$ cat my_file_13.cif   # mmCIF, C-alpha atoms and all ligand atoms
data_target
#
loop_
_atom_site.label_atom_id
_atom_site.label_comp_id
_atom_site.auth_asym_id
_atom_site.auth_seq_id
_atom_site.Cartn_x
_atom_site.Cartn_y
_atom_site.Cartn_z
CA MET A 1 -151.60 -40.44 -169.94
CA THR A 2 -152.54 -36.83 -170.57
CA THR A 3 -151.36 -35.47 -173.89
CA PRO A 4 -150.34 -31.97 -172.87
CA ASP A 5 -151.97 -29.05 -174.51
CA ALA A 6 -149.64 -27.30 -176.96
CA GLN A 7 -150.21 -23.91 -175.47
CA SER A 8 -150.23 -24.01 -171.68
CA ALA A 9 -148.59 -25.74 -168.72
CA LEU A 10 -150.59 -28.25 -166.75
CA ALA A 11 -151.65 -27.60 -163.18
CA ILE A 12 -149.93 -30.27 -161.08
CA PRO A 13 -151.27 -30.82 -157.54
CA GLY A 14 -148.53 -30.30 -154.95
CA PHE A 15 -146.41 -28.26 -157.34
CA THR A 16 -146.27 -24.61 -158.36
CA HIS A 17 -145.63 -23.74 -161.99
CA VAL A 18 -142.44 -21.64 -162.13
CA TYR A 19 -141.47 -21.23 -165.76
CA SER A 20 -142.29 -22.43 -169.27
CA GLY A 21 -139.78 -22.85 -172.04
CA LYS A 22 -140.72 -23.60 -175.64
CA VAL A 23 -141.22 -27.29 -175.06
CA ARG A 24 -140.67 -27.84 -171.33
CA ASP A 25 -142.11 -26.57 -168.08
CA LEU A 26 -140.57 -26.08 -164.66
CA TYR A 27 -142.36 -26.58 -161.36
CA ALA A 28 -141.39 -26.25 -157.70
CA PRO A 29 -142.63 -28.78 -155.12
CA ASP A 30 -144.86 -27.01 -152.59
CA GLY A 31 -143.03 -26.69 -149.27
CA ARG A 32 -139.57 -27.62 -150.63
CA ASP A 33 -136.93 -25.27 -151.97
CA ASP A 34 -134.23 -27.85 -152.71
CA GLN A 35 -135.89 -29.57 -155.66
CA LEU A 36 -137.58 -28.81 -158.97
CA LEU A 37 -139.79 -30.79 -161.34
CA LEU A 38 -138.74 -30.67 -165.00
CA VAL A 39 -141.62 -31.58 -167.30
CA ALA A 40 -141.15 -32.27 -170.99
CA SER A 41 -144.25 -31.53 -173.06
CA ASP A 42 -145.12 -33.08 -176.41
CA ARG A 43 -144.70 -29.66 -177.97
CA ILE A 44 -142.41 -29.45 -180.99
CA SER A 45 -140.82 -26.31 -182.36
CA ALA A 46 -139.44 -25.63 -185.80
CA PHE A 47 -138.47 -22.42 -187.59
CA ASP A 48 -138.80 -20.65 -184.21
CA PHE A 49 -142.50 -21.54 -183.93
CA ILE A 50 -144.23 -23.94 -181.55
CA LEU A 51 -146.17 -26.18 -183.91
CA ASP A 52 -149.59 -27.80 -183.64
CA PRO A 53 -150.48 -30.50 -182.85
CA PRO A 54 -148.11 -31.84 -180.23
CA ILE A 55 -146.18 -35.00 -181.10
CA PRO A 56 -147.62 -37.82 -178.94
CA ASP A 57 -145.03 -39.31 -176.55
CA LYS A 58 -142.28 -36.85 -177.57
CA GLY A 59 -141.94 -35.59 -173.98
CA ALA A 60 -141.70 -39.10 -172.57
CA VAL A 61 -139.27 -40.36 -175.22
CA LEU A 62 -136.89 -37.42 -174.74
CA THR A 63 -137.12 -37.60 -170.95
CA GLN A 64 -136.24 -41.29 -170.97
CA LEU A 65 -133.40 -40.66 -173.45
CA SER A 66 -131.95 -37.89 -171.28
CA LEU A 67 -132.11 -40.14 -168.20
CA TRP A 68 -130.22 -42.81 -170.12
CA TRP A 69 -127.54 -40.30 -171.16
CA PHE A 70 -127.14 -39.09 -167.56
CA ASP A 71 -126.27 -42.69 -166.66
CA GLN A 72 -123.89 -43.06 -169.61
CA LEU A 73 -122.08 -39.88 -168.48
CA ALA A 74 -122.07 -40.49 -164.72
CA ASP A 75 -118.35 -41.33 -164.73
CA LEU A 76 -117.64 -37.94 -166.32
CA VAL A 77 -119.85 -35.68 -164.21
CA PRO A 78 -122.50 -35.98 -161.48
CA HIS A 79 -126.07 -35.11 -162.50
CA HIS A 80 -129.05 -33.42 -160.85
CA VAL A 81 -131.62 -36.23 -161.07
CA VAL A 82 -133.27 -37.14 -157.76
CA SER A 83 -136.20 -39.30 -158.82
CA THR A 84 -138.57 -40.30 -161.58
CA ASP A 85 -141.34 -40.85 -159.03
CA VAL A 86 -143.50 -38.03 -160.34
CA PRO A 87 -147.23 -37.18 -160.41
CA ASP A 88 -149.31 -39.49 -162.62
CA VAL A 89 -150.36 -36.61 -164.87
CA VAL A 90 -146.75 -36.29 -166.07
CA ALA A 91 -145.65 -39.90 -165.58
CA GLY A 92 -142.72 -40.80 -167.82
CA ARG A 93 -142.08 -37.28 -169.01
CA ALA A 94 -140.98 -35.52 -165.82
CA VAL A 95 -138.00 -35.69 -163.51
CA LEU A 96 -137.51 -34.51 -159.94
CA VAL A 97 -134.11 -32.80 -159.73
CA ARG A 98 -131.89 -31.12 -157.19
CA ARG A 99 -132.28 -27.34 -157.26
CA LEU A 100 -128.86 -25.91 -158.21
CA GLU A 101 -127.25 -22.51 -158.62
CA MET A 102 -127.26 -22.52 -162.40
CA VAL A 103 -124.14 -21.42 -164.26
CA PRO A 104 -125.13 -18.37 -166.39
CA VAL A 105 -123.63 -19.75 -169.61
CA GLU A 106 -125.20 -21.89 -172.34
CA CYS A 107 -122.50 -24.54 -172.72
CA VAL A 108 -122.50 -25.46 -176.40
CA ALA A 109 -120.12 -27.89 -178.05
CA ARG A 110 -119.92 -28.41 -181.79
CA ALA A 111 -118.52 -31.50 -183.50
CA TYR A 112 -119.62 -30.30 -186.94
CA LEU A 113 -119.91 -26.87 -188.53
CA THR A 114 -123.53 -25.87 -189.15
CA GLY A 115 -126.36 -23.59 -188.06
CA GLY A 116 -125.41 -20.45 -186.18
CA GLY A 117 -121.78 -21.54 -186.04
CA LEU A 118 -121.66 -21.71 -189.83
CA ARG A 119 -123.25 -18.26 -190.12
CA GLU A 120 -120.66 -16.82 -187.76
CA TYR A 121 -117.86 -18.60 -189.64
CA ALA A 122 -119.12 -17.32 -193.00
CA ALA A 123 -119.16 -13.78 -191.61
CA ASP A 124 -115.73 -13.65 -189.98
CA GLY A 125 -114.00 -17.03 -190.03
CA THR A 126 -114.56 -17.65 -186.34
CA VAL A 127 -117.07 -19.42 -184.08
CA SER A 128 -117.49 -17.95 -180.60
CA GLY A 129 -114.23 -16.11 -181.17
CA LEU A 130 -112.33 -19.26 -182.18
CA ALA A 131 -110.51 -18.79 -185.48
CA LEU A 132 -111.13 -21.73 -187.83
CA PRO A 133 -109.27 -22.83 -190.97
CA GLU A 134 -110.46 -21.34 -194.27
CA GLY A 135 -112.61 -23.30 -196.70
CA LEU A 136 -114.78 -25.20 -194.27
CA ARG A 137 -118.19 -26.30 -195.58
CA ASP A 138 -121.61 -26.80 -194.04
CA GLY A 139 -121.49 -30.11 -192.22
CA ASP A 140 -117.70 -30.44 -192.05
CA ARG A 141 -116.50 -32.32 -188.97
CA PHE A 142 -114.01 -30.71 -186.60
CA ALA A 143 -110.97 -32.71 -185.50
CA ALA A 144 -112.37 -32.50 -181.96
CA PRO A 145 -115.49 -30.85 -180.52
CA LEU A 146 -115.23 -27.07 -180.05
CA PHE A 147 -116.55 -25.23 -177.01
CA THR A 148 -118.74 -22.44 -178.42
CA PRO A 149 -120.61 -20.95 -175.46
CA SER A 150 -123.38 -18.41 -175.59
CA THR A 151 -125.38 -16.22 -173.29
CA LYS A 152 -128.67 -17.39 -171.78
CA ALA A 153 -131.04 -15.12 -173.66
CA PRO A 154 -134.54 -14.43 -172.31
CA MET A 155 -137.38 -16.51 -173.81
CA GLY A 156 -138.07 -15.58 -177.39
CA GLU A 157 -134.67 -13.98 -177.94
CA HIS A 158 -131.63 -15.66 -179.47
CA ASP A 159 -128.57 -16.60 -177.42
CA GLU A 160 -125.52 -14.53 -178.29
CA PRO A 161 -122.10 -16.17 -178.84
CA MET A 162 -119.60 -15.70 -176.03
CA THR A 163 -115.85 -15.87 -176.41
CA TYR A 164 -113.98 -18.12 -174.00
CA GLU A 165 -112.47 -14.97 -172.45
CA GLU A 166 -115.99 -13.66 -171.79
CA VAL A 167 -116.86 -16.93 -170.05
CA GLU A 168 -113.73 -16.58 -167.90
CA ALA A 169 -114.78 -13.05 -166.99
CA GLU A 170 -118.27 -14.28 -166.12
CA VAL A 171 -117.46 -17.37 -164.04
CA GLY A 172 -113.70 -17.25 -163.45
CA PRO A 173 -110.89 -19.11 -165.26
CA GLU A 174 -111.10 -22.31 -163.21
CA LEU A 175 -114.81 -22.87 -163.75
CA ALA A 176 -114.54 -21.78 -167.40
CA ALA A 177 -111.91 -24.46 -167.97
CA ARG A 178 -114.10 -27.09 -166.30
CA LEU A 179 -117.11 -26.07 -168.41
CA ARG A 180 -115.10 -26.29 -171.64
CA ASP A 181 -113.56 -29.62 -170.72
CA LEU A 182 -116.82 -31.25 -169.62
CA THR A 183 -118.97 -29.85 -172.43
CA THR A 184 -116.61 -31.05 -175.15
CA ARG A 185 -116.10 -34.44 -173.48
CA ILE A 186 -119.87 -34.94 -173.16
CA LEU A 187 -120.31 -34.38 -176.90
CA ALA A 188 -117.31 -36.56 -177.74
CA ARG A 189 -118.72 -39.37 -175.58
CA GLY A 190 -122.16 -38.83 -177.09
CA ASN A 191 -120.76 -39.22 -180.59
CA GLU A 192 -118.73 -42.30 -179.64
CA ILE A 193 -121.96 -43.99 -178.55
CA ALA A 194 -124.35 -42.49 -181.12
CA GLY A 195 -121.92 -43.07 -184.01
CA GLU A 196 -122.04 -46.83 -183.35
CA ARG A 197 -125.83 -46.60 -183.73
CA GLY A 198 -125.91 -44.61 -186.97
CA ILE A 199 -126.58 -41.18 -185.47
CA LEU A 200 -124.29 -38.14 -185.60
CA ILE A 201 -124.69 -35.48 -182.94
CA ALA A 202 -123.58 -32.31 -184.71
CA ASP A 203 -123.76 -30.06 -181.68
CA THR A 204 -125.33 -29.93 -178.25
CA LYS A 205 -126.21 -27.52 -175.45
CA VAL A 206 -125.77 -28.59 -171.86
CA GLU A 207 -126.39 -26.70 -168.65
CA PHE A 208 -124.52 -26.97 -165.39
CA GLY A 209 -125.25 -25.87 -161.86
CA LEU A 210 -123.38 -25.76 -158.58
CA ASP A 211 -124.73 -27.63 -155.59
CA ALA A 212 -124.47 -26.50 -151.95
CA ASP A 213 -120.98 -28.03 -151.73
CA GLY A 214 -119.82 -26.10 -154.81
CA THR A 215 -119.72 -29.29 -156.90
CA LEU A 216 -120.33 -28.82 -160.61
CA VAL A 217 -123.40 -30.83 -161.62
CA LEU A 218 -124.83 -31.62 -165.06
CA ALA A 219 -128.40 -30.30 -165.16
CA ASP A 220 -131.29 -29.70 -167.54
CA GLU A 221 -131.58 -32.36 -170.29
CA VAL A 222 -128.66 -33.95 -172.05
CA LEU A 223 -128.00 -35.07 -175.64
CA THR A 224 -131.61 -35.11 -176.78
CA PRO A 225 -132.84 -34.08 -180.25
CA ASP A 226 -134.21 -30.93 -178.58
CA SER A 227 -130.88 -29.92 -177.05
CA SER A 228 -128.76 -31.20 -179.93
CA ARG A 229 -128.74 -31.63 -183.68
CA PHE A 230 -129.21 -35.31 -184.54
CA TRP A 231 -128.23 -36.31 -188.09
CA PRO A 232 -128.61 -39.74 -189.75
CA ALA A 233 -125.01 -40.88 -190.22
CA ASP A 234 -125.70 -42.64 -193.53
CA GLN A 235 -126.83 -39.37 -195.14
CA TRP A 236 -123.91 -37.22 -193.94
CA GLU A 237 -122.46 -35.25 -196.86
CA PRO A 238 -120.60 -32.00 -196.14
CA GLY A 239 -121.25 -29.08 -198.45
CA HIS A 240 -124.96 -28.52 -197.83
CA PRO A 241 -127.47 -28.56 -194.94
CA GLN A 242 -127.81 -32.06 -193.47
CA PRO A 243 -131.21 -33.69 -192.99
CA SER A 244 -132.43 -33.68 -189.41
CA PHE A 245 -132.88 -37.13 -187.89
CA ASP A 246 -136.05 -36.11 -186.09
CA LYS A 247 -137.53 -33.01 -187.71
CA GLU A 248 -136.96 -33.66 -191.41
CA PHE A 249 -140.56 -34.73 -192.09
CA VAL A 250 -141.84 -31.58 -190.33
CA ARG A 251 -139.40 -29.28 -192.12
CA GLU A 252 -139.95 -30.86 -195.54
CA TRP A 253 -143.78 -30.67 -195.26
CA LEU A 254 -143.78 -27.10 -193.96
CA LEU A 255 -141.47 -26.01 -196.80
CA SER A 256 -143.47 -27.92 -199.42
CA PRO A 257 -146.37 -26.49 -201.46
CA ALA A 258 -148.64 -28.97 -199.65
CA SER A 259 -148.56 -26.86 -196.47
CA GLY A 260 -149.41 -23.60 -198.19
CA TRP A 261 -147.08 -21.89 -195.74
CA ASP A 262 -144.76 -19.06 -196.71
CA ARG A 263 -141.86 -19.05 -194.25
CA ALA A 264 -140.95 -15.50 -195.29
CA SER A 265 -144.43 -14.29 -194.28
CA GLY A 266 -143.57 -14.46 -190.58
CA LYS A 267 -146.97 -16.09 -190.05
CA ALA A 268 -147.35 -19.16 -187.87
CA PRO A 269 -147.13 -22.46 -189.78
CA PRO A 270 -150.30 -24.48 -190.41
CA ARG A 271 -151.28 -27.53 -188.36
CA LEU A 272 -149.26 -30.61 -189.21
CA PRO A 273 -151.15 -33.43 -190.98
CA PRO A 274 -151.56 -36.72 -189.08
CA GLU A 275 -149.05 -38.62 -191.23
CA VAL A 276 -146.31 -36.05 -190.51
CA VAL A 277 -147.12 -36.21 -186.80
CA GLU A 278 -146.96 -40.01 -186.75
CA ARG A 279 -143.77 -40.23 -188.82
CA THR A 280 -142.13 -37.66 -186.54
CA ARG A 281 -143.22 -39.56 -183.45
CA ALA A 282 -141.70 -42.68 -184.98
CA LYS A 283 -138.36 -40.90 -185.48
CA TYR A 284 -138.18 -39.91 -181.82
CA VAL A 285 -138.96 -43.47 -180.79
CA GLU A 286 -136.39 -44.76 -183.32
CA ALA A 287 -133.68 -42.48 -181.90
CA TYR A 288 -134.45 -43.66 -178.37
CA GLU A 289 -134.48 -47.35 -179.29
CA ARG A 290 -131.34 -47.22 -181.43
CA LEU A 291 -129.35 -45.31 -178.81
CA THR A 292 -130.49 -47.12 -175.68
CA GLY A 293 -131.18 -50.59 -177.09
CA ARG A 294 -134.44 -50.46 -175.18
CA THR A 295 -138.02 -50.66 -176.47
CA PHE A 296 -140.13 -47.58 -175.81
N1 LIG B 301 -132.37 -28.30 -164.87
C1 LIG B 301 -132.34 -27.57 -163.98
C2 LIG B 301 -132.29 -26.67 -162.87
C3 LIG B 301 -131.81 -27.12 -161.62
N2 LIG B 301 -131.43 -28.43 -161.45
N3 LIG B 301 -131.72 -26.25 -160.59
C4 LIG B 301 -132.12 -24.97 -160.74
N4 LIG B 301 -132.60 -24.50 -161.88
C5 LIG B 301 -132.70 -25.31 -162.96
C6 LIG B 301 -133.24 -24.72 -164.20
C7 LIG B 301 -133.79 -23.46 -164.32
N5 LIG B 301 -134.18 -23.27 -165.62
N6 LIG B 301 -133.85 -24.37 -166.29
C8 LIG B 301 -134.13 -24.53 -167.74
C9 LIG B 301 -135.46 -25.25 -167.87
C10 LIG B 301 -135.49 -26.60 -167.79
C11 LIG B 301 -136.71 -27.26 -167.93
C12 LIG B 301 -137.88 -26.57 -168.14
C13 LIG B 301 -137.83 -25.22 -168.20
F1 LIG B 301 -138.97 -24.57 -168.40
C14 LIG B 301 -136.64 -24.53 -168.06
C15 LIG B 301 -133.28 -25.26 -165.48
#
$ encode --input "my_file_13.cif" --output "structure tokens"
Amino acid sequence: MTTPDAQSALAIPGFTHVYSGKVRDLYAPDGRDDQLLLVASDRISAFDFILDPPIPDKGAVLTQLSLWWFDQLADLVPHHVVSTDVPDVVAGRAVLVRRLEMVPVECVARAYLTGGGLREYAADGTVSGLALPEGLRDGDRFAAPLFTPSTKAPMGEHDEPMTYEEVEAEVGPELAARLRDLTTRILARGNEIAGERGILIADTKVEFGLDADGTLVLADEVLTPDSSRFWPADQWEPGHPQPSFDKEFVREWLLSPASGWDRASGKAPPRLPPEVVERTRAKYVEAYERLTGRTF
């Protein structure tokens, strides 16, 4: 299997490269306009940088995890997956999907207060316009997941929070209600399953599209450590930042004197040492195996 280069998208015979995100690439099948190929690279990002080297098998592990979640959620919402019969060069880390009319809203649900939601809350006591009780701490769990949507910012820019009323204005009240209901239920279901396996999903971003019949379809990836914050349940302790299930080794090394990196410098981080790469790979495999019960 080809370990994808950290910096550029592969050329895939029979497909045209359409778009590259931080860690994934989008292709269109030549001669078809009703499908897309979603390819997950082994790239890893942290602190808003794409790091070197790639994490071997990360793309495959997260693709297989997302496929498993689509199945776990199929009773809640239809998904866009057509086939995993993909070109050999991206075997195991690519999915052929139905091309949809994507809903122009990043559908975020939060089960715990952290990250950008915590910064918003600290500033004005709300998250995406939702007023929250006073005195909440970093890592506190909400009684039920909150729908905290945001805009779909261009690559390299940060998504901006949207109030529910802004979502209604953008997509209409009926679709807004469906998005809120499904997004929060997906995270609730994810935490029911992950919680039994020692993983807390603090928040997640899902994307939806509409098919030719106007049916709302779950798209993109779902409940992966790239689209969600995964925390080890046995280390959960509100009141301070929680350790990441999958990126803690990367974050700790980069912030340690050993890396020689100064985060405040704005310079790109140094190359990760082999032991950090391998331990990070092992965490992605561990998340997959604990959640799915399968061996990678
Ligand atoms: N999923 C999906 C999808 C679909 N089923 N139909 C139409 N468009 C999309 C679509 C467009 N952008 N993205 C984000 C994205 C995903 C993966 C890699 C990337 F580079 C970028 C998803």
$ residues_near_ligand --input "my_file_13.cif" --ligand "ligand LIG 301 (chain B)" --cutoff "7 Å" --atoms "only C-alpha atoms and all ligand atoms" --output "list in words"
Tyr19, Ser20, Gly21, Arg24, Asp25, Leu26, Leu36, Leu38, Val39, His80, Val97, Arg98, Arg99, Leu100, Glu101, Met102, Gly209, Ala219, Asp220 and Glu221 of chain A
$ residues_near_point --input "my_file_13.cif" --point "(-114.4, -23.9, -162.5)" --cutoff "12 Å" --atoms "only C-alpha atoms" --output "PyMOL selection string"
chain A and resi 103+167-182+208-210+214-217
$ residues_near_point --input "my_file_13.cif" --point "(-117.5, -20.3, -181.5)" --cutoff "7 Å" --atoms "all atoms listed in the file" --output "ChimeraX atom specification"
/A:117,126-130,147-149,161,163
$ residues_around --input "my_file_13.cif" --residues "Asp159 (chain A)" --least-positions-apart "4" --cutoff "9 Å" --atoms "only C-alpha atoms" --output "MDAnalysis selection string"
chainID A and resid 106 150:154
$ atom_distance --input "my_file_13.cif" --atom1 "CA of Gly92 (chain A)" --atom2 "CA of Ala60 (chain A)"
5.1 Å
$ closest_residue --input "my_file_13.cif" --among "A:Thr184, A:Leu67, A:Asp226, A:Trp236" --to "Arg141 (chain A)" --atoms "only C-alpha atoms"
A:Trp236
$ closest_residue --input "my_file_13.cif" --among "A:Glu278, A:Asp71, A:Asp234, A:Asp57" --to "Ala91 (chain A)" --atoms "only C-alpha atoms"
A:Asp57
$ atom_distance --input "my_file_13.cif" --atom1 "CA of Ser244 (chain A)" --atom2 "CA of Phe230 (chain A)"
6.1 Å
$ closest_residue --input "my_file_13.cif" --among "A:Thr63, A:Ser259, A:Ser45, A:Thr16" --to "Arg32 (chain A)" --atoms "only C-alpha atoms"
A:Thr16
$ atom_distance --input "my_file_13.cif" --atom1 "CA of Pro104 (chain A)" --atom2 "CA of Glu157 (chain A)"
15.6 Å
$ closest_atom_pairs --input "my_file_13.cif" --of "region 214-268 of chain A" --to "region 192-204 of chain A" --cutoff "12 Å" --atoms "all atoms listed in the file" --output "JSON lines"
{"residue": "A:Glu221", "atom": "CA", "partner": "A:Thr204", "partner_atom": "CA", "distance": 10.4}
{"residue": "A:Val222", "atom": "CA", "partner": "A:Thr204", "partner_atom": "CA", "distance": 8.1}
{"residue": "A:Leu223", "atom": "CA", "partner": "A:Thr204", "partner_atom": "CA", "distance": 6.4}
{"residue": "A:Thr224", "atom": "CA", "partner": "A:Thr204", "partner_atom": "CA", "distance": 8.3}
{"residue": "A:Pro225", "atom": "CA", "partner": "A:Ile201", "partner_atom": "CA", "distance": 8.7}
{"residue": "A:Asp226", "atom": "CA", "partner": "A:Thr204", "partner_atom": "CA", "distance": 8.9}
{"residue": "A:Ser227", "atom": "CA", "partner": "A:Thr204", "partner_atom": "CA", "distance": 5.7}
{"residue": "A:Ser228", "atom": "CA", "partner": "A:Thr204", "partner_atom": "CA", "distance": 4.0}
{"residue": "A:Arg229", "atom": "CA", "partner": "A:Ala202", "partner_atom": "CA", "distance": 5.3}
{"residue": "A:Phe230", "atom": "CA", "partner": "A:Ile201", "partner_atom": "CA", "distance": 4.8}
{"residue": "A:Trp231", "atom": "CA", "partner": "A:Leu200", "partner_atom": "CA", "distance": 5.0}
{"residue": "A:Pro232", "atom": "CA", "partner": "A:Ile199", "partner_atom": "CA", "distance": 5.0}
{"residue": "A:Ala233", "atom": "CA", "partner": "A:Ile199", "partner_atom": "CA", "distance": 5.0}
{"residue": "A:Asp234", "atom": "CA", "partner": "A:Gly198", "partner_atom": "CA", "distance": 6.9}
{"residue": "A:Gln235", "atom": "CA", "partner": "A:Gly198", "partner_atom": "CA", "distance": 9.7}
{"residue": "A:Trp236", "atom": "CA", "partner": "A:Leu200", "partner_atom": "CA", "distance": 8.4}
{"residue": "A:Glu237", "atom": "CA", "partner": "A:Leu200", "partner_atom": "CA", "distance": 11.8}
{"residue": "A:Pro238", "atom": "CA", "partner": "A:Ala202", "partner_atom": "CA", "distance": 11.8}
{"residue": "A:Pro241", "atom": "CA", "partner": "A:Ala202", "partner_atom": "CA", "distance": 11.6}
{"residue": "A:Gln242", "atom": "CA", "partner": "A:Ala202", "partner_atom": "CA", "distance": 9.7}
{"residue": "A:Pro243", "atom": "CA", "partner": "A:Leu200", "partner_atom": "CA", "distance": 11.1}
{"residue": "A:Ser244", "atom": "CA", "partner": "A:Leu200", "partner_atom": "CA", "distance": 10.0}
{"residue": "A:Phe245", "atom": "CA", "partner": "A:Ile199", "partner_atom": "CA", "distance": 7.9}
{"residue": "A:Asp246", "atom": "CA", "partner": "A:Ile199", "partner_atom": "CA", "distance": 10.8}
$ write_last_selection --input "my_file_13.cif" --atoms "C-alpha atoms" --output "short mmCIF file (atom, residue, chain, number, x, y, z; two decimals), in the frame of the given file"
data_model
loop_
_atom_site.label_atom_id
_atom_site.label_comp_id
_atom_site.auth_asym_id
_atom_site.auth_seq_id
_atom_site.Cartn_x
_atom_site.Cartn_y
_atom_site.Cartn_z
CA GLU A 221 -131.58 -32.36 -170.29
CA VAL A 222 -128.66 -33.95 -172.05
CA LEU A 223 -128.00 -35.07 -175.64
CA THR A 224 -131.61 -35.11 -176.78
CA PRO A 225 -132.84 -34.08 -180.25
CA ASP A 226 -134.21 -30.93 -178.58
CA SER A 227 -130.88 -29.92 -177.05
CA SER A 228 -128.76 -31.20 -179.93
CA ARG A 229 -128.74 -31.63 -183.68
CA PHE A 230 -129.21 -35.31 -184.54
CA TRP A 231 -128.23 -36.31 -188.09
CA PRO A 232 -128.61 -39.74 -189.75
CA ALA A 233 -125.01 -40.88 -190.22
CA ASP A 234 -125.70 -42.64 -193.53
CA GLN A 235 -126.83 -39.37 -195.14
CA TRP A 236 -123.91 -37.22 -193.94
CA GLU A 237 -122.46 -35.25 -196.86
CA PRO A 238 -120.60 -32.00 -196.14
CA PRO A 241 -127.47 -28.56 -194.94
CA GLN A 242 -127.81 -32.06 -193.47
CA PRO A 243 -131.21 -33.69 -192.99
CA SER A 244 -132.43 -33.68 -189.41
CA PHE A 245 -132.88 -37.13 -187.89
CA ASP A 246 -136.05 -36.11 -186.09
#
$ closest_residue --input "my_file_13.cif" --among "A:Ser41, A:Trp69, A:Arg119, A:Lys247" --to "Asn191 (chain A)" --atoms "only C-alpha atoms"
A:Trp69
$ closest_residue --input "my_file_13.cif" --among "A:Lys22, A:Arg281, A:Met155, A:Leu254" --to "Ile50 (chain A)" --atoms "all atoms listed in the file"
A:Lys22
$ residues_around --input "my_file_13.cif" --residues "Val277 (chain A)" --least-positions-apart "4" --cutoff "12 Å" --atoms "all atoms listed in the file" --output "PyMOL selection string"
chain A and resi 42-44+51-58+246-251+253+271-273+281-284
$ write_last_selection --input "my_file_13.cif" --atoms "C-alpha atoms" --output "CSV table (one decimal), in the frame of the given file"
chain,number,residue,atom,x,y,z
A,42,ASP,CA,-145.1,-33.1,-176.4
A,43,ARG,CA,-144.7,-29.7,-178.0
A,44,ILE,CA,-142.4,-29.4,-181.0
A,51,LEU,CA,-146.2,-26.2,-183.9
A,52,ASP,CA,-149.6,-27.8,-183.6
A,53,PRO,CA,-150.5,-30.5,-182.8
A,54,PRO,CA,-148.1,-31.8,-180.2
A,55,ILE,CA,-146.2,-35.0,-181.1
A,56,PRO,CA,-147.6,-37.8,-178.9
A,57,ASP,CA,-145.0,-39.3,-176.6
A,58,LYS,CA,-142.3,-36.8,-177.6
A,246,ASP,CA,-136.0,-36.1,-186.1
A,247,LYS,CA,-137.5,-33.0,-187.7
A,248,GLU,CA,-137.0,-33.7,-191.4
A,249,PHE,CA,-140.6,-34.7,-192.1
A,250,VAL,CA,-141.8,-31.6,-190.3
A,251,ARG,CA,-139.4,-29.3,-192.1
A,253,TRP,CA,-143.8,-30.7,-195.3
A,271,ARG,CA,-151.3,-27.5,-188.4
A,272,LEU,CA,-149.3,-30.6,-189.2
A,273,PRO,CA,-151.2,-33.4,-191.0
A,281,ARG,CA,-143.2,-39.6,-183.4
A,282,ALA,CA,-141.7,-42.7,-185.0
A,283,LYS,CA,-138.4,-40.9,-185.5
A,284,TYR,CA,-138.2,-39.9,-181.8
$ residues_around --input "my_file_13.cif" --residues "Asp140 (chain A)" --least-positions-apart "6" --cutoff "9 Å" --atoms "all atoms listed in the file" --output "list in words"
Ala111, Tyr112, Leu113, Thr114, Glu237, Pro238 and Gly239 of chain A
